[in-house]
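J.: Before anything else, here's the structure in question.
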Amino acid sequence: MIFDSTTLFSNAQAVTATAASTNIIDLGATGTVFGAASAITRDIGKGAEVPIGIRVVEAFNNLTSLTVTVETDDNAGFSSPTTVWTSIGFPVADLVPGARLLLPDEVPVGVSERYVRLKYTVAGTAPTTGKITAGIVAAVQTNG
């Protein structure tokens with residue numbers, strides 16, 4: 001799996017409480033194409049697939065489960081985020097180094113706002129260990 005530093009949501013981010021990914025991805029401003037009557041619209045979930053990869057790089061402890069959501073917003077402060085996808089709750093037993101968390105294999109349809117981030121929601125006791133690396137990837141690794 002190939003990660004690019006400009007499209008990383010998290011780079012070995014410690015998740016010790018419910019938190020947003022360290023980084024957000026700015027999809028850029030939309031505008032009006034020359035000669036068009038109105039501005040173009042965005043939905044990067046349509047057309048060619050944009051793969052997402054997420055890996056546990058340090059084992060988690062204490063928590064009951066971890067849920068990951070994909071959120072978008074029209075401002076970088078995420079004052080009114082829209083959730084476009086929510087994972088299952090991954091139990092602590094599954095949150096070991098190398099674990100491939102089952103995000104959607106690509107950015108979901110509905111990502112129509114400028115900024116995108118992940119949000120990690122902890123259920124149960126706050127962990128003292130546990131790190132995640134996640135981002136847009138060149139391709140999703142499916143062989144383990």
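Ligands are numbered from 1 in the order shown, residues from 1 within each chain, and chains are lettered A, B, ... in the order they appear in the structure tokens.
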At a cut-off of 6 Å, using only C-alpha atoms, what residues contact stretch 59-73 of chain A? Leave out same-chain residues fewer than 6 positions from it and give the result as a VMD selection string.
T.: chain A and resid 81 to 87 89 to 92 95 to 97 113 115 to 127 129 to 130
J.: Which residues are near A:Asp4? Cut-off 8 Å, only C-alpha atoms, ignore same chain within fewer than 4 positions. Put them as a count of residues only.
T.: 4
J.: Determine which residues of chain A receive a DSSP assignment of strand (DSSP E or B), computed from the backbone, and state them as an MDAnalysis selection string.
T.: chainID A and resid 3:14 19:20 25:26 51:58 63:73 82:86 90:91 100 106 115:124 131:137
J.: For each of A:Glu58, A:Asn11, A:Asp74, A:Thr16, take the minimum atom-to-atom distance to A:Ala29, counting only C-alpha atoms, then give the residue where this is smallest.
T.: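 Of A:Glu58, A:Asn11, A:Asp74, A:Thr16, the one nearest A:Ala29 is A:Asp74, counting only C-alpha atoms.
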J.: Could you tell me how far atom CA of A:Lys131 sits from atom CA of A:Glu49, in Å to one decimal place?
T.: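 Between atom CA of A:Glu49 and atom CA of A:Lys131 the gap works out to 26.4 Å.
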J.: Just the number, please: distance in Å from atom CA of A:Leu27 to atom CA of A:Leu101, one decimal.
T.: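 Atom CA of A:Leu101 lies at a distance of 23.9 Å from atom CA of A:Leu27.
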J.: How far is it from atom CA of A:Ile132 to atom CA of A:Thr18, in Å with one decimal?
T.: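 Separation between atom CA of A:Ile132 and atom CA of A:Thr18: 12.9 Å.
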J.: When distances are computed from only C-alpha atoms, which of A:Gly28, A:Gly35, A:Gly98, A:Gly77 shows the smallest separation from A:Ser112?
T.: A:Gly28
